[in-house]
$ cat model20.cif   # mmCIF, C-alpha atoms
data_work
#
loop_
_atom_site.label_atom_id
_atom_site.label_comp_id
_atom_site.auth_asym_id
_atom_site.auth_seq_id
_atom_site.Cartn_x
_atom_site.Cartn_y
_atom_site.Cartn_z
CA GLU A 167 54.44 63.46 -12.72
CA LEU A 168 52.40 60.44 -11.74
CA LYS A 169 54.39 57.51 -10.45
CA VAL A 170 53.06 54.01 -9.89
CA GLU A 171 55.61 51.93 -8.07
CA GLN A 172 55.36 48.23 -7.43
CA ASN A 173 57.59 46.28 -5.17
CA PRO A 174 59.12 43.91 -5.27
CA LEU A 175 59.71 43.68 -9.01
CA PHE A 176 60.85 40.08 -8.69
CA LEU A 177 59.59 37.64 -6.12
CA SER A 178 60.59 34.03 -5.69
CA MET A 179 58.72 32.15 -3.03
CA GLN A 180 58.12 28.61 -1.92
CA GLU A 181 54.81 26.88 -2.16
CA GLY A 182 52.76 27.25 0.99
CA LYS A 183 54.25 30.59 1.97
CA ASN A 184 52.53 33.96 2.26
CA TYR A 185 53.68 37.21 0.75
CA THR A 186 52.46 40.70 -0.15
CA ILE A 187 53.04 42.79 -3.25
CA TYR A 188 52.80 46.55 -2.82
CA CYS A 189 51.61 49.20 -5.21
CA ASN A 190 52.23 52.85 -4.31
CA TYR A 191 51.04 55.75 -6.41
CA SER A 192 51.66 59.46 -6.29
CA THR A 193 48.34 61.07 -7.19
CA THR A 194 44.80 61.11 -5.93
CA SER A 195 42.72 58.22 -7.22
CA ASP A 196 40.02 55.99 -5.81
CA ARG A 197 40.17 53.37 -8.52
CA LEU A 198 42.86 50.76 -8.80
CA TYR A 199 43.10 47.53 -10.75
CA TRP A 200 45.20 44.40 -10.58
CA TYR A 201 46.05 42.33 -13.61
CA ARG A 202 47.80 39.02 -14.15
CA GLN A 203 49.95 38.16 -17.13
CA ASP A 204 51.15 34.64 -17.87
CA PRO A 205 54.31 34.30 -19.99
CA GLY A 206 53.58 35.06 -23.63
CA LYS A 207 49.97 35.92 -22.89
CA SER A 208 47.85 39.01 -22.57
CA LEU A 209 46.74 40.71 -19.35
CA GLU A 210 43.80 39.32 -17.45
CA SER A 211 41.81 41.39 -15.00
CA LEU A 212 42.03 40.13 -11.41
CA PHE A 213 40.56 42.78 -9.17
CA VAL A 214 38.75 46.09 -9.48
CA LEU A 215 39.02 48.28 -6.39
CA LEU A 216 36.70 51.27 -6.56
CA SER A 217 36.82 52.95 -3.17
CA ASN A 218 38.88 53.52 -0.07
CA GLY A 219 38.97 50.42 2.08
CA ALA A 220 37.88 48.12 -0.73
CA VAL A 221 38.94 44.53 -0.28
CA LYS A 222 38.48 41.79 -2.84
CA GLN A 223 39.42 38.13 -2.58
CA GLU A 224 39.66 35.39 -5.14
CA GLY A 225 41.10 32.07 -4.06
CA ARG A 226 44.56 32.59 -2.59
CA LEU A 227 44.75 36.24 -3.65
CA MET A 228 43.39 39.21 -1.76
CA ALA A 229 43.66 42.83 -2.85
CA SER A 230 43.03 45.96 -0.82
CA LEU A 231 43.05 49.68 -1.40
CA ASP A 232 43.94 52.55 0.94
CA THR A 233 43.37 55.75 -1.01
CA LYS A 234 44.57 57.98 1.82
CA ALA A 235 47.93 56.21 1.90
CA ARG A 236 47.84 55.84 -1.90
CA LEU A 237 48.63 52.20 -1.46
CA SER A 238 47.23 48.94 -2.69
CA THR A 239 48.37 45.49 -1.66
CA LEU A 240 48.03 42.09 -3.26
CA HIS A 241 48.38 39.39 -0.64
CA ILE A 242 49.19 35.82 -1.55
CA THR A 243 48.19 33.11 0.89
CA ALA A 244 49.74 29.62 0.80
CA ALA A 245 51.21 30.10 -2.64
CA VAL A 246 50.94 27.38 -5.26
CA HIS A 247 52.86 26.97 -8.51
CA ASP A 248 49.86 28.02 -10.60
CA LEU A 249 50.17 31.54 -9.20
CA SER A 250 53.49 32.04 -10.99
CA ALA A 251 52.94 35.01 -13.32
CA THR A 252 53.58 38.73 -13.57
CA TYR A 253 51.18 40.94 -11.65
CA PHE A 254 50.48 44.54 -12.60
CA CYS A 255 48.67 47.22 -10.69
CA ALA A 256 47.11 50.13 -12.56
CA VAL A 257 45.83 53.45 -11.26
CA ASP A 258 42.83 55.08 -12.87
CA LEU A 259 43.49 58.83 -13.10
CA ASN A 260 40.18 59.86 -14.64
CA ASN A 261 38.09 59.20 -17.70
CA ASN A 262 39.62 55.77 -18.09
CA ASP A 263 43.16 57.15 -18.24
CA MET A 264 45.21 54.47 -16.48
CA ARG A 265 48.84 54.20 -15.51
CA PHE A 266 50.47 50.86 -14.93
CA GLY A 267 53.14 49.78 -12.51
CA ALA A 268 56.23 48.01 -13.83
CA GLY A 269 54.92 44.62 -12.79
CA THR A 270 55.97 42.03 -10.22
CA ARG A 271 57.27 38.77 -11.60
CA LEU A 272 56.26 36.05 -9.19
CA THR A 273 57.82 32.59 -9.25
CA VAL A 274 56.47 29.97 -6.89
CA LYS A 275 58.83 27.06 -6.35
CA PRO A 276 57.92 23.61 -4.98
CA SER B 1005 28.84 40.82 -23.64
CA GLN B 1006 31.82 42.76 -24.88
CA THR B 1007 34.67 41.07 -26.71
CA ILE B 1008 37.88 42.36 -28.20
CA HIS B 1009 39.63 40.78 -31.14
CA GLN B 1010 43.21 41.38 -32.12
CA TRP B 1011 45.13 39.91 -35.02
CA PRO B 1012 47.43 38.50 -36.14
CA ALA B 1013 48.72 36.61 -33.09
CA THR B 1014 52.29 36.45 -34.35
CA LEU B 1015 54.13 38.24 -37.10
CA VAL B 1016 57.67 38.10 -38.43
CA GLN B 1017 58.54 41.01 -40.67
CA PRO B 1018 61.77 42.19 -42.29
CA VAL B 1019 63.26 45.57 -41.46
CA GLY B 1020 61.80 48.26 -43.70
CA SER B 1021 58.55 46.45 -44.39
CA PRO B 1022 55.14 47.93 -43.56
CA LEU B 1023 52.97 46.90 -40.63
CA SER B 1024 49.25 46.77 -39.99
CA LEU B 1025 47.76 45.38 -36.79
CA GLU B 1026 44.02 45.43 -36.28
CA CYS B 1027 41.84 45.47 -33.24
CA THR B 1028 38.05 45.39 -33.09
CA VAL B 1029 35.63 45.52 -30.20
CA GLU B 1030 32.15 44.03 -30.14
CA GLY B 1031 29.21 44.59 -27.84
CA THR B 1032 29.84 48.20 -26.91
CA SER B 1033 29.73 51.60 -28.52
CA ASN B 1034 32.12 54.54 -28.34
CA PRO B 1035 34.81 52.73 -26.36
CA ASN B 1036 38.14 54.27 -25.51
CA LEU B 1037 40.78 52.29 -27.38
CA TYR B 1038 44.46 51.87 -26.63
CA TRP B 1039 47.61 50.41 -28.15
CA TYR B 1040 50.38 49.27 -25.81
CA ARG B 1041 53.75 47.75 -26.49
CA GLN B 1042 55.63 45.44 -24.16
CA ALA B 1043 59.29 44.63 -24.68
CA ALA B 1044 60.45 41.21 -23.51
CA GLY B 1045 60.32 41.00 -19.72
CA ARG B 1046 59.30 44.62 -19.38
CA GLY B 1047 56.28 46.70 -18.46
CA LEU B 1048 53.63 48.30 -20.64
CA GLN B 1049 54.31 51.32 -22.79
CA LEU B 1050 51.27 53.28 -23.96
CA LEU B 1051 51.63 54.10 -27.66
CA PHE B 1052 48.29 55.56 -28.73
CA TYR B 1053 44.81 56.05 -27.41
CA SER B 1054 41.57 57.14 -29.00
CA VAL B 1055 38.35 58.48 -27.51
CA GLY B 1056 36.41 58.50 -30.79
CA ILE B 1057 36.47 58.03 -34.54
CA GLY B 1058 39.39 59.86 -36.08
CA GLN B 1059 40.67 61.02 -32.68
CA ILE B 1060 44.15 59.72 -31.97
CA SER B 1061 46.56 60.78 -29.24
CA SER B 1062 50.18 59.73 -29.37
CA GLU B 1063 52.14 59.17 -26.22
CA VAL B 1064 55.53 58.37 -27.69
CA PRO B 1065 57.01 59.81 -30.89
CA GLN B 1066 58.15 57.00 -33.18
CA ASN B 1067 57.67 55.55 -36.62
CA LEU B 1068 54.32 54.04 -35.71
CA SER B 1069 50.91 55.53 -36.33
CA ALA B 1070 47.36 54.66 -35.40
CA SER B 1071 43.98 55.18 -36.99
CA ARG B 1072 40.39 54.68 -35.96
CA PRO B 1073 38.31 54.49 -39.12
CA GLN B 1074 35.24 53.10 -37.35
CA ASP B 1075 33.88 53.35 -33.83
CA ARG B 1076 35.04 49.90 -32.80
CA GLN B 1077 38.13 49.49 -34.97
CA PHE B 1078 41.65 50.54 -34.08
CA ILE B 1079 44.62 50.02 -36.39
CA LEU B 1080 48.33 50.28 -35.67
CA SER B 1081 50.56 50.89 -38.67
CA SER B 1082 54.07 51.56 -39.78
CA LYS B 1083 55.44 52.40 -43.19
CA LYS B 1084 58.89 51.01 -42.45
CA LEU B 1085 59.62 48.76 -39.50
CA LEU B 1086 62.76 49.04 -37.40
CA LEU B 1087 64.41 46.31 -35.36
CA SER B 1088 63.43 48.24 -32.24
CA ASP B 1089 59.75 47.84 -33.14
CA SER B 1090 59.88 44.20 -32.08
CA GLY B 1091 57.71 43.44 -29.08
CA PHE B 1092 54.34 42.31 -27.84
CA TYR B 1093 51.57 44.65 -28.94
CA LEU B 1094 48.37 44.81 -26.96
CA CYS B 1095 45.12 46.48 -27.82
CA ALA B 1096 42.72 47.39 -25.02
CA TRP B 1097 39.36 49.04 -24.59
CA SER B 1098 37.59 50.76 -21.74
CA GLY B 1099 34.25 52.41 -21.31
CA GLN B 1100 32.45 51.27 -18.24
CA GLY B 1101 34.72 52.38 -15.44
CA TYR B 1102 35.98 48.90 -14.73
CA GLY B 1103 39.43 49.26 -16.13
CA TYR B 1104 40.80 47.98 -19.38
CA THR B 1105 40.04 44.78 -21.23
CA PHE B 1106 42.95 43.58 -23.29
CA GLY B 1107 43.10 41.73 -26.56
CA SER B 1108 45.12 38.56 -26.89
CA GLY B 1109 48.14 40.43 -28.24
CA THR B 1110 50.38 40.32 -31.30
CA ARG B 1111 53.97 39.19 -31.00
CA LEU B 1112 55.96 41.10 -33.62
CA THR B 1113 59.49 40.12 -34.50
CA VAL B 1114 61.36 42.37 -36.89
CA VAL B 1115 64.28 40.60 -38.56
#
$ encode --input "model20.cif" --output "structure tokens"
Amino acid sequence: ELKVEQNPLFLSMQEGKNYTIYCNYSTTSDRLYWYRQDPGKSLESLFVLLSNGAVKQEGRLMASLDTKARLSTLHITAAVHDLSATYFCAVDLNNNDMRFGAGTRLTVKP
Amino acid sequence: SQTIHQWPATLVQPVGSPLSLECTVEGTSNPNLYWYRQAAGRGLQLLFYSVGIGQISSEVPQNLSASRPQDRQFILSSKKLLLSDSGFYLCAWSGQGYGYTFGSGTRLTVV
């Protein structure tokens, strides 16, 4: 059975600090996606990682994919309050069949 | 460009009443379509997906059903709502290998 595990599930951090969210998965896949969800809102695509070693950066967020380790990371640099949200990773099995992690609820405090 | 529309945005329905949520996609053909439900503070639960007109796969047995009467239209229905059907319902589409694009969601409260 495919498992997509995110950790931590809850993360409270201070502004200006760095932290990493991890996404481990249990099956072979070379496509992984990160989404952001603000409270009461839908999911917004953040990053699309399509191969081993892929690295994408947008502002204070950087995502990477290691398909051999079956691991993706979402690194937050110098966090700001606006980054407070829930972040989901999703693994693409095949033919657009995706499985989502449980989500990491990030709170950035001043 | 592709867009996805989902409505209504919010809905309050009494127990035992019927439900119909609609989702349409524009700017693409033969998309894969999905219905997800999210309970408060929880992750995403896949309810139904469809790879073509009239083709529906159910992931979780429940009192909900889905239909795809047209290529770019996906409908979620129930004949009689339960309290446990409350949640945030999300429609999504995929088709270009770049993951899912989600609709804006419907917040359903069953009272």
$ resolve_selection --input "model20.cif" --expression "the PyMOL selection byres ((chain A) within 8 of (chain B))" --output "PyMOL selection string"
chain A and resi 199+207-211+214+258+261-262+264+266-269
$ resolve_selection --input "model20.cif" --expression "the PyMOL selection byres ((chain B and resi 1064-1070) around 9)" --output "list of chain:residue names"
B:Leu1023, B:Trp1039, B:Gln1049, B:Leu1050, B:Leu1051, B:Phe1052, B:Tyr1053, B:Ser1054, B:Ile1060, B:Ser1061, B:Ser1062, B:Glu1063, B:Ser1071, B:Arg1072, B:Phe1078, B:Ile1079, B:Leu1080, B:Ser1081, B:Ser1082, B:Lys1083, B:Lys1084, B:Leu1085, B:Leu1086, B:Asp1089
$ resolve_selection --input "model20.cif" --expression "the PyMOL selection byres ((chain A and resi 204) around 10)" --output "list in words"
Arg202, Gln203, Pro205, Gly206, Lys207, Ser208, Leu209, Glu210, Asp248, Leu249, Ser250, Ala251, Thr252, Tyr253 and Arg271 of chain A
$ atom_distance --input "model20.cif" --atom1 "atom CA of B:Ser1090" --atom2 "atom CA of B:His1009"
20.6 Å
$ residues_near_point --input "model20.cif" --point "(35.7, 52.7, 3.8)" --cutoff "10 Å" --atoms "only C-alpha atoms" --output "number ranges by chain"
A: 217-221, 231-233
$ atom_distance --input "model20.cif" --atom1 "atom CA of A:Thr270" --atom2 "atom CA of A:Ala229"
14.4 Å
$ residues_around --input "model20.cif" --residues "A:Leu216" --least-positions-apart "4" --cutoff "7 Å" --atoms "only C-alpha atoms" --output "ChimeraX atom specification"
/A:196-198,220
$ atom_distance --input "model20.cif" --atom1 "atom CA of A:Leu215" --atom2 "atom CA of B:Asn1034"
23.8 Å
$ residues_around --input "model20.cif" --residues "B:Thr1007" --least-positions-apart "5" --cutoff "7 Å" --atoms "only C-alpha atoms" --output "PyMOL selection string"
chain B and resi 1029-1031
